[in-house]
$ cat entry.txt   # compact mmCIF, N, CA and C atoms
# COMPACT_ATOMS: atom_id res chain seq x y z
N MET T 1 -13.62 -66.16 -102.30
CA MET T 1 -13.84 -66.65 -100.94
C MET T 1 -15.23 -67.26 -100.84
N ASN T 2 -15.32 -68.30 -100.04
CA ASN T 2 -16.58 -68.97 -99.77
C ASN T 2 -16.74 -69.07 -98.26
N ILE T 3 -17.15 -67.96 -97.64
CA ILE T 3 -17.20 -67.86 -96.19
C ILE T 3 -18.50 -68.44 -95.65
N GLN T 4 -18.36 -69.26 -94.63
CA GLN T 4 -19.52 -69.79 -93.89
C GLN T 4 -19.29 -69.45 -92.43
N ILE T 5 -20.32 -68.86 -91.81
CA ILE T 5 -20.27 -68.53 -90.39
C ILE T 5 -21.29 -69.41 -89.69
N TYR T 6 -20.81 -70.21 -88.73
CA TYR T 6 -21.69 -71.06 -87.93
C TYR T 6 -21.77 -70.45 -86.54
N GLY T 7 -22.99 -70.23 -86.08
CA GLY T 7 -23.18 -69.69 -84.75
C GLY T 7 -24.65 -69.68 -84.39
N THR T 8 -24.95 -69.10 -83.26
CA THR T 8 -26.34 -68.93 -82.85
C THR T 8 -26.60 -67.45 -82.66
N LYS T 9 -27.85 -67.08 -82.74
CA LYS T 9 -28.22 -65.67 -82.58
C LYS T 9 -27.93 -65.18 -81.18
N LYS T 10 -27.81 -66.09 -80.22
CA LYS T 10 -27.51 -65.70 -78.83
C LYS T 10 -26.03 -65.37 -78.63
N SER T 11 -25.19 -65.77 -79.56
CA SER T 11 -23.74 -65.57 -79.42
C SER T 11 -23.33 -64.17 -79.89
N ALA T 12 -22.83 -63.38 -78.96
CA ALA T 12 -22.38 -62.03 -79.30
C ALA T 12 -21.22 -62.08 -80.30
N ASP T 13 -20.31 -63.03 -80.14
CA ASP T 13 -19.17 -63.13 -81.06
C ASP T 13 -19.61 -63.54 -82.46
N ALA T 14 -20.64 -64.37 -82.56
CA ALA T 14 -21.16 -64.75 -83.88
C ALA T 14 -21.77 -63.53 -84.57
N ARG T 15 -22.50 -62.71 -83.80
CA ARG T 15 -23.07 -61.48 -84.38
C ARG T 15 -21.97 -60.50 -84.80
N LYS T 16 -20.91 -60.42 -83.99
CA LYS T 16 -19.79 -59.53 -84.33
C LYS T 16 -19.10 -60.01 -85.61
N ALA T 17 -18.93 -61.32 -85.76
CA ALA T 17 -18.30 -61.87 -86.96
C ALA T 17 -19.14 -61.55 -88.19
N GLU T 18 -20.43 -61.74 -88.07
CA GLU T 18 -21.33 -61.45 -89.18
C GLU T 18 -21.22 -59.97 -89.57
N ARG T 19 -21.20 -59.10 -88.57
CA ARG T 19 -21.06 -57.66 -88.83
C ARG T 19 -19.71 -57.34 -89.48
N TRP T 20 -18.63 -58.02 -89.02
CA TRP T 20 -17.30 -57.77 -89.57
C TRP T 20 -17.28 -58.03 -91.07
N PHE T 21 -17.82 -59.16 -91.50
CA PHE T 21 -17.84 -59.50 -92.92
C PHE T 21 -18.78 -58.57 -93.69
N LYS T 22 -19.90 -58.25 -93.10
CA LYS T 22 -20.88 -57.38 -93.76
C LYS T 22 -20.29 -55.98 -94.00
N GLU T 23 -19.59 -55.44 -93.00
CA GLU T 23 -19.00 -54.10 -93.12
C GLU T 23 -17.94 -54.03 -94.20
N ARG T 24 -17.32 -55.13 -94.51
CA ARG T 24 -16.28 -55.16 -95.54
C ARG T 24 -16.81 -55.61 -96.90
N GLY T 25 -18.09 -55.82 -96.97
CA GLY T 25 -18.71 -56.22 -98.24
C GLY T 25 -18.32 -57.61 -98.69
N ILE T 26 -17.95 -58.46 -97.74
CA ILE T 26 -17.56 -59.84 -98.06
C ILE T 26 -18.79 -60.72 -97.94
N ARG T 27 -19.09 -61.42 -99.00
CA ARG T 27 -20.25 -62.30 -99.00
C ARG T 27 -19.99 -63.51 -98.11
N TYR T 28 -21.02 -63.92 -97.40
CA TYR T 28 -20.91 -65.06 -96.50
C TYR T 28 -22.26 -65.75 -96.40
N GLN T 29 -22.22 -66.97 -95.90
CA GLN T 29 -23.43 -67.73 -95.61
C GLN T 29 -23.47 -67.92 -94.10
N TYR T 30 -24.58 -67.54 -93.48
CA TYR T 30 -24.73 -67.71 -92.04
C TYR T 30 -25.55 -68.97 -91.78
N VAL T 31 -25.03 -69.86 -90.94
CA VAL T 31 -25.74 -71.07 -90.57
C VAL T 31 -26.01 -71.03 -89.08
N ASP T 32 -27.27 -71.00 -88.71
CA ASP T 32 -27.67 -70.96 -87.30
C ASP T 32 -27.59 -72.39 -86.74
N LEU T 33 -26.67 -72.59 -85.82
CA LEU T 33 -26.47 -73.92 -85.24
C LEU T 33 -27.68 -74.40 -84.44
N ALA T 34 -28.54 -73.49 -84.04
CA ALA T 34 -29.76 -73.89 -83.34
C ALA T 34 -30.75 -74.54 -84.31
N GLN T 35 -30.61 -74.23 -85.60
CA GLN T 35 -31.51 -74.76 -86.62
C GLN T 35 -30.89 -75.94 -87.37
N LYS T 36 -29.60 -75.83 -87.69
CA LYS T 36 -28.93 -76.84 -88.50
C LYS T 36 -27.51 -77.02 -87.99
N GLU T 37 -27.23 -78.20 -87.48
CA GLU T 37 -25.90 -78.46 -86.94
C GLU T 37 -24.90 -78.77 -88.06
N MET T 38 -23.64 -78.68 -87.72
CA MET T 38 -22.59 -79.04 -88.66
C MET T 38 -22.57 -80.56 -88.83
N SER T 39 -22.23 -80.99 -90.03
CA SER T 39 -22.14 -82.43 -90.28
C SER T 39 -20.84 -82.95 -89.65
N PRO T 40 -20.77 -84.26 -89.41
CA PRO T 40 -19.53 -84.83 -88.86
C PRO T 40 -18.31 -84.50 -89.73
N ARG T 41 -18.49 -84.52 -91.03
CA ARG T 41 -17.38 -84.21 -91.95
C ARG T 41 -16.94 -82.75 -91.81
N GLU T 42 -17.91 -81.84 -91.70
CA GLU T 42 -17.57 -80.42 -91.52
C GLU T 42 -16.82 -80.22 -90.20
N LEU T 43 -17.30 -80.85 -89.14
CA LEU T 43 -16.61 -80.75 -87.85
C LEU T 43 -15.19 -81.27 -87.94
N GLN T 44 -15.00 -82.39 -88.62
CA GLN T 44 -13.67 -82.97 -88.78
C GLN T 44 -12.75 -82.02 -89.53
N ASN T 45 -13.25 -81.40 -90.60
CA ASN T 45 -12.44 -80.46 -91.38
C ASN T 45 -12.05 -79.24 -90.55
N VAL T 46 -12.98 -78.74 -89.75
CA VAL T 46 -12.68 -77.59 -88.89
C VAL T 46 -11.65 -77.99 -87.84
N ALA T 47 -11.83 -79.16 -87.25
CA ALA T 47 -10.88 -79.64 -86.24
C ALA T 47 -9.47 -79.73 -86.81
N GLN T 48 -9.34 -80.23 -88.03
CA GLN T 48 -8.02 -80.31 -88.67
C GLN T 48 -7.43 -78.91 -88.87
N ALA T 49 -8.27 -77.95 -89.21
CA ALA T 49 -7.79 -76.60 -89.49
C ALA T 49 -7.38 -75.84 -88.23
N VAL T 50 -8.03 -76.14 -87.10
CA VAL T 50 -7.76 -75.37 -85.89
C VAL T 50 -6.89 -76.09 -84.86
N GLY T 51 -6.48 -77.31 -85.16
CA GLY T 51 -5.57 -78.01 -84.25
C GLY T 51 -6.22 -79.05 -83.37
N GLY T 52 -7.35 -79.58 -83.80
CA GLY T 52 -7.98 -80.67 -83.06
C GLY T 52 -9.29 -80.27 -82.40
N ALA T 53 -10.02 -81.28 -81.98
CA ALA T 53 -11.34 -81.07 -81.37
C ALA T 53 -11.26 -80.25 -80.09
N ASP T 54 -10.21 -80.46 -79.29
CA ASP T 54 -10.10 -79.73 -78.03
C ASP T 54 -10.04 -78.22 -78.25
N ALA T 55 -9.46 -77.78 -79.35
CA ALA T 55 -9.37 -76.35 -79.66
C ALA T 55 -10.73 -75.75 -80.00
N MET T 56 -11.71 -76.59 -80.28
CA MET T 56 -13.04 -76.12 -80.67
C MET T 56 -14.00 -76.03 -79.49
N VAL T 57 -13.64 -76.60 -78.36
CA VAL T 57 -14.56 -76.71 -77.23
C VAL T 57 -14.42 -75.51 -76.29
N ASP T 58 -15.56 -74.92 -75.95
CA ASP T 58 -15.61 -73.79 -75.02
C ASP T 58 -15.53 -74.33 -73.59
N PRO T 59 -14.45 -74.01 -72.87
CA PRO T 59 -14.32 -74.53 -71.50
C PRO T 59 -15.35 -73.92 -70.55
N ASN T 60 -16.01 -72.85 -70.98
CA ASN T 60 -17.03 -72.20 -70.16
C ASN T 60 -18.43 -72.46 -70.68
N ALA T 61 -18.60 -73.53 -71.43
CA ALA T 61 -19.91 -73.86 -72.00
C ALA T 61 -20.95 -74.00 -70.89
N ARG T 62 -22.17 -73.57 -71.20
CA ARG T 62 -23.25 -73.64 -70.21
C ARG T 62 -23.64 -75.08 -69.87
N ASP T 63 -23.57 -75.95 -70.84
CA ASP T 63 -23.97 -77.35 -70.62
C ASP T 63 -22.80 -78.10 -69.98
N GLN T 64 -22.71 -78.01 -68.67
CA GLN T 64 -21.59 -78.61 -67.94
C GLN T 64 -21.62 -80.13 -67.98
N ASP T 65 -22.81 -80.71 -68.10
CA ASP T 65 -22.89 -82.17 -68.20
C ASP T 65 -22.26 -82.66 -69.50
N ALA T 66 -22.59 -81.99 -70.60
CA ALA T 66 -22.02 -82.37 -71.90
C ALA T 66 -20.52 -82.11 -71.91
N LEU T 67 -20.10 -81.02 -71.26
CA LEU T 67 -18.68 -80.70 -71.19
C LEU T 67 -17.93 -81.78 -70.41
N ALA T 68 -18.49 -82.24 -69.31
CA ALA T 68 -17.87 -83.31 -68.54
C ALA T 68 -17.81 -84.60 -69.35
N LEU T 69 -18.88 -84.90 -70.07
CA LEU T 69 -18.89 -86.09 -70.93
C LEU T 69 -17.77 -85.99 -71.97
N TYR T 70 -17.62 -84.83 -72.58
CA TYR T 70 -16.56 -84.63 -73.58
C TYR T 70 -15.19 -84.83 -72.94
N ARG T 71 -14.96 -84.20 -71.82
CA ARG T 71 -13.64 -84.25 -71.17
C ARG T 71 -13.22 -85.67 -70.79
N TYR T 72 -14.19 -86.49 -70.39
CA TYR T 72 -13.85 -87.82 -69.89
C TYR T 72 -14.09 -88.93 -70.91
N THR T 73 -14.25 -88.53 -72.16
CA THR T 73 -14.40 -89.51 -73.24
C THR T 73 -13.02 -89.82 -73.81
N ALA T 74 -12.83 -91.04 -74.23
CA ALA T 74 -11.56 -91.45 -74.85
C ALA T 74 -11.29 -90.59 -76.08
N ALA T 75 -10.03 -90.32 -76.33
CA ALA T 75 -9.62 -89.41 -77.41
C ALA T 75 -10.24 -89.78 -78.76
N GLN T 76 -10.29 -91.07 -79.08
CA GLN T 76 -10.79 -91.47 -80.40
C GLN T 76 -12.30 -91.27 -80.54
N ALA T 77 -13.02 -91.04 -79.44
CA ALA T 77 -14.48 -90.85 -79.51
C ALA T 77 -14.92 -89.41 -79.27
N LYS T 78 -13.96 -88.51 -79.03
CA LYS T 78 -14.31 -87.12 -78.72
C LYS T 78 -15.08 -86.43 -79.85
N MET T 79 -14.71 -86.70 -81.10
CA MET T 79 -15.42 -86.07 -82.21
C MET T 79 -16.88 -86.51 -82.25
N ASP T 80 -17.15 -87.75 -81.89
CA ASP T 80 -18.54 -88.23 -81.85
C ASP T 80 -19.34 -87.48 -80.79
N VAL T 81 -18.73 -87.28 -79.62
CA VAL T 81 -19.41 -86.56 -78.54
C VAL T 81 -19.63 -85.11 -78.97
N LEU T 82 -18.64 -84.51 -79.60
CA LEU T 82 -18.77 -83.12 -80.05
C LEU T 82 -19.84 -82.98 -81.12
N CYS T 83 -19.93 -83.95 -81.99
CA CYS T 83 -20.95 -83.94 -83.04
C CYS T 83 -22.35 -83.97 -82.43
N GLU T 84 -22.51 -84.72 -81.36
CA GLU T 84 -23.82 -84.83 -80.69
C GLU T 84 -24.10 -83.67 -79.74
N ASN T 85 -23.07 -82.90 -79.40
CA ASN T 85 -23.20 -81.81 -78.42
C ASN T 85 -22.57 -80.53 -78.95
N GLN T 86 -23.09 -80.03 -80.06
CA GLN T 86 -22.48 -78.87 -80.70
C GLN T 86 -22.65 -77.57 -79.91
N GLN T 87 -23.43 -77.61 -78.85
CA GLN T 87 -23.55 -76.45 -77.98
C GLN T 87 -22.23 -76.19 -77.24
N LEU T 88 -21.29 -77.14 -77.33
CA LEU T 88 -19.98 -76.98 -76.70
C LEU T 88 -18.99 -76.19 -77.55
N LEU T 89 -19.33 -75.95 -78.82
CA LEU T 89 -18.41 -75.27 -79.72
C LEU T 89 -18.20 -73.82 -79.33
N ILE T 90 -16.95 -73.38 -79.48
CA ILE T 90 -16.66 -71.95 -79.37
C ILE T 90 -17.27 -71.30 -80.61
N GLN T 91 -18.01 -70.22 -80.41
CA GLN T 91 -18.66 -69.56 -81.54
C GLN T 91 -18.02 -68.21 -81.79
N PRO T 92 -18.02 -67.79 -83.04
CA PRO T 92 -18.49 -68.50 -84.22
C PRO T 92 -17.41 -69.45 -84.76
N VAL T 93 -17.87 -70.39 -85.55
CA VAL T 93 -16.97 -71.21 -86.36
C VAL T 93 -17.06 -70.60 -87.75
N VAL T 94 -15.92 -70.14 -88.27
CA VAL T 94 -15.90 -69.48 -89.58
C VAL T 94 -15.02 -70.31 -90.51
N ARG T 95 -15.60 -70.68 -91.66
CA ARG T 95 -14.87 -71.50 -92.64
C ARG T 95 -14.69 -70.73 -93.94
N ASN T 96 -13.55 -70.96 -94.54
CA ASN T 96 -13.25 -70.44 -95.88
C ASN T 96 -12.52 -71.57 -96.59
N GLY T 97 -13.28 -72.44 -97.24
CA GLY T 97 -12.67 -73.61 -97.86
C GLY T 97 -12.07 -74.52 -96.80
N LYS T 98 -10.78 -74.80 -96.90
CA LYS T 98 -10.12 -75.67 -95.92
C LYS T 98 -9.61 -74.90 -94.70
N GLN T 99 -9.69 -73.57 -94.76
CA GLN T 99 -9.28 -72.75 -93.62
C GLN T 99 -10.47 -72.59 -92.68
N ALA T 100 -10.18 -72.46 -91.39
CA ALA T 100 -11.26 -72.27 -90.42
C ALA T 100 -10.71 -71.61 -89.16
N THR T 101 -11.62 -70.95 -88.45
CA THR T 101 -11.30 -70.39 -87.15
C THR T 101 -12.46 -70.67 -86.21
N VAL T 102 -12.17 -70.64 -84.92
CA VAL T 102 -13.22 -70.67 -83.91
C VAL T 102 -13.04 -69.41 -83.06
N GLY T 103 -14.16 -68.81 -82.69
CA GLY T 103 -14.11 -67.56 -81.94
C GLY T 103 -13.99 -66.38 -82.89
N TYR T 104 -14.00 -65.19 -82.33
CA TYR T 104 -13.92 -63.96 -83.11
C TYR T 104 -12.45 -63.70 -83.45
N ARG T 105 -12.08 -63.87 -84.73
CA ARG T 105 -10.68 -63.80 -85.15
C ARG T 105 -10.47 -62.92 -86.39
N PRO T 106 -10.81 -61.64 -86.35
CA PRO T 106 -10.65 -60.79 -87.53
C PRO T 106 -9.19 -60.69 -87.99
N ASP T 107 -8.24 -60.88 -87.09
CA ASP T 107 -6.83 -60.85 -87.48
C ASP T 107 -6.51 -61.94 -88.49
N VAL T 108 -7.14 -63.09 -88.36
CA VAL T 108 -6.95 -64.20 -89.30
C VAL T 108 -7.76 -63.96 -90.57
N TRP T 109 -8.99 -63.50 -90.42
CA TRP T 109 -9.88 -63.31 -91.57
C TRP T 109 -9.33 -62.29 -92.55
N LYS T 110 -8.60 -61.28 -92.06
CA LYS T 110 -8.02 -60.27 -92.94
C LYS T 110 -7.11 -60.91 -93.98
N GLY T 111 -6.38 -61.94 -93.60
CA GLY T 111 -5.44 -62.59 -94.49
C GLY T 111 -6.09 -63.53 -95.49
N TRP T 112 -7.38 -63.81 -95.35
CA TRP T 112 -8.05 -64.74 -96.26
C TRP T 112 -8.27 -64.15 -97.63
N GLY T 113 -8.23 -62.87 -97.77
CA GLY T 113 -8.46 -62.25 -99.07
C GLY T 113 -7.21 -62.23 -99.93
N ASP T 114 -6.07 -62.55 -99.31
CA ASP T 114 -4.79 -62.49 -100.04
C ASP T 114 -4.62 -63.63 -101.01
$ encode --input "entry.txt" --output "structure tokens"
Amino acid sequence: MNIQIYGTKKSADARKAERWFKERGIRYQYVDLAQKEMSPRELQNVAQAVGGADAMVDPNARDQDALALYRYTAAQAKMDVLCENQQLLIQPVVRNGKQATVGYRPDVWKGWGD
């Protein structure tokens, strides 16, 4: 497994995900989105894995202006807006190769070791 956890230290779910992997002795790489954002290619791969960009966006995001911009952008440009406004992502984003989840999803992560 090659687990990457993307989140911020302020996100309780990102901290819970980190703890979940740590408690099971699963090696992971933590990437703080406040320090280093995901590349456009990484975002695209996660979007494909989770069912599109809309599935990655937190409808309760604090940045309501960016959320409104995302919502009213044409479908073909939504990934560009999301790339520029990664504070809209549901956290954590957890990747394992081509597999990915958004949010706290230990039910899915359990199956990654199979």
$ residues_near_point --input "entry.txt" --point "(-18.2, -72.4, -75.0)" --cutoff "6.5 Å" --atoms "all atoms listed in the file" --output "PyMOL selection string"
chain T and resi 57-62+87-91
$ atom_distance --input "entry.txt" --atom1 "CA of Ile26 in chain T" --atom2 "atom C of Gly51 in chain T"
26.7 Å
$ closest_residue --input "entry.txt" --among "T:Val81, T:Leu67, T:Gln86, T:Ala49" --to "Leu33 in chain T" --atoms "all atoms listed in the file"
T:Gln86
$ atom_distance --input "entry.txt" --atom1 "atom N of Ser11 in chain T" --atom2 "CA of Thr101 in chain T"
16.5 Å
$ select_by_dssp --input "entry.txt" --residues "range 7-93 of chain T" --states "strand (DSSP E)" --output "list in words"
Gly7, Tyr28, Gln29, Tyr30, Val31, Asp32 and Val93 of chain T
$ axis_aligned_box --input "entry.txt" --around "range 30-35 of chain T" --padding-each-side "6 Å" --output "JSON"
{"center_x": -28.0, "center_y": -71.7, "center_z": -88.4, "size_x": 18.9, "size_y": 20.4, "size_z": 22.1}
$ atom_distance --input "entry.txt" --atom1 "CA of Ala75 in chain T" --atom2 "CA of Ala47 in chain T"
13.2 Å
$ residues_near_point --input "entry.txt" --point "(-26.9, -74.2, -86.4)" --cutoff "8 Å" --atoms "only N, CA and C atoms" --output "list in words"
Tyr6, Gly7, Thr8, Tyr30, Val31, Asp32, Leu33, Ala34, Gln35, Lys36, Glu37 and Met38 of chain T
$ closest_residue --input "entry.txt" --among "T:Ala55, T:Val93, T:Cys83, T:Val108" --to "Ala14 in chain T" --atoms "only C-alpha atoms"
T:Val93
$ decode --input "entry.txt" --residues "range 42-62 of chain T" --atoms "N, CA, C and O atoms" --output "compact mmCIF listing (two decimals), in the first residue's frame"
# COMPACT_ATOMS: atom_id res chain seq x y z
N GLU T 42 -3.33 15.16 -9.57
CA GLU T 42 -3.77 14.42 -8.39
C GLU T 42 -5.26 14.64 -8.15
O GLU T 42 -6.00 13.69 -7.87
N LEU T 43 -5.70 15.88 -8.25
CA LEU T 43 -7.13 16.18 -8.08
C LEU T 43 -7.98 15.43 -9.11
O LEU T 43 -9.03 14.89 -8.77
N GLN T 44 -7.52 15.40 -10.34
CA GLN T 44 -8.25 14.70 -11.40
C GLN T 44 -8.35 13.22 -11.10
O GLN T 44 -9.41 12.61 -11.26
N ASN T 45 -7.25 12.61 -10.64
CA ASN T 45 -7.26 11.19 -10.31
C ASN T 45 -8.21 10.89 -9.16
O ASN T 45 -8.94 9.89 -9.19
N VAL T 46 -8.22 11.75 -8.15
CA VAL T 46 -9.14 11.55 -7.02
C VAL T 46 -10.58 11.71 -7.49
O VAL T 46 -11.44 10.90 -7.13
N ALA T 47 -10.83 12.71 -8.31
CA ALA T 47 -12.18 12.93 -8.83
C ALA T 47 -12.69 11.71 -9.59
O ALA T 47 -13.84 11.30 -9.44
N GLN T 48 -11.83 11.11 -10.40
CA GLN T 48 -12.22 9.89 -11.13
C GLN T 48 -12.54 8.76 -10.16
O GLN T 48 -13.47 7.99 -10.39
N ALA T 49 -11.79 8.65 -9.08
CA ALA T 49 -11.98 7.56 -8.13
C ALA T 49 -13.24 7.72 -7.28
O ALA T 49 -13.84 6.72 -6.88
N VAL T 50 -13.64 8.96 -7.01
CA VAL T 50 -14.77 9.18 -6.11
C VAL T 50 -16.07 9.57 -6.81
O VAL T 50 -17.07 9.79 -6.15
N GLY T 51 -16.04 9.67 -8.12
CA GLY T 51 -17.28 9.95 -8.85
C GLY T 51 -17.45 11.39 -9.30
O GLY T 51 -18.57 11.86 -9.48
N GLY T 52 -16.35 12.09 -9.46
CA GLY T 52 -16.42 13.45 -10.00
C GLY T 52 -16.07 14.52 -8.98
O GLY T 52 -16.02 14.28 -7.78
N ALA T 53 -15.85 15.71 -9.50
CA ALA T 53 -15.44 16.84 -8.65
C ALA T 53 -16.50 17.20 -7.62
O ALA T 53 -16.17 17.54 -6.48
N ASP T 54 -17.78 17.10 -7.99
CA ASP T 54 -18.85 17.46 -7.06
C ASP T 54 -18.81 16.61 -5.79
O ASP T 54 -19.15 17.10 -4.71
N ALA T 55 -18.39 15.36 -5.91
CA ALA T 55 -18.30 14.47 -4.75
C ALA T 55 -17.18 14.87 -3.79
O ALA T 55 -17.15 14.42 -2.65
N MET T 56 -16.28 15.72 -4.25
CA MET T 56 -15.14 16.14 -3.43
C MET T 56 -15.39 17.44 -2.68
O MET T 56 -14.63 17.79 -1.79
N VAL T 57 -16.44 18.15 -3.03
CA VAL T 57 -16.68 19.49 -2.49
C VAL T 57 -17.55 19.42 -1.23
O VAL T 57 -18.60 18.80 -1.22
N ASP T 58 -17.08 20.10 -0.19
CA ASP T 58 -17.80 20.19 1.08
C ASP T 58 -18.90 21.25 0.95
O ASP T 58 -18.60 22.44 0.81
N PRO T 59 -20.17 20.85 1.01
CA PRO T 59 -21.25 21.83 0.86
C PRO T 59 -21.32 22.80 2.03
O PRO T 59 -21.98 23.83 1.94
N ASN T 60 -20.62 22.49 3.12
CA ASN T 60 -20.60 23.35 4.30
C ASN T 60 -19.27 24.07 4.46
O ASN T 60 -18.92 24.48 5.56
N ALA T 61 -18.54 24.21 3.37
CA ALA T 61 -17.22 24.85 3.42
C ALA T 61 -17.35 26.27 3.98
O ALA T 61 -18.34 26.96 3.73
N ARG T 62 -16.35 26.68 4.74
CA ARG T 62 -16.37 28.02 5.34
C ARG T 62 -16.28 29.13 4.30
O ARG T 62 -16.86 30.19 4.47
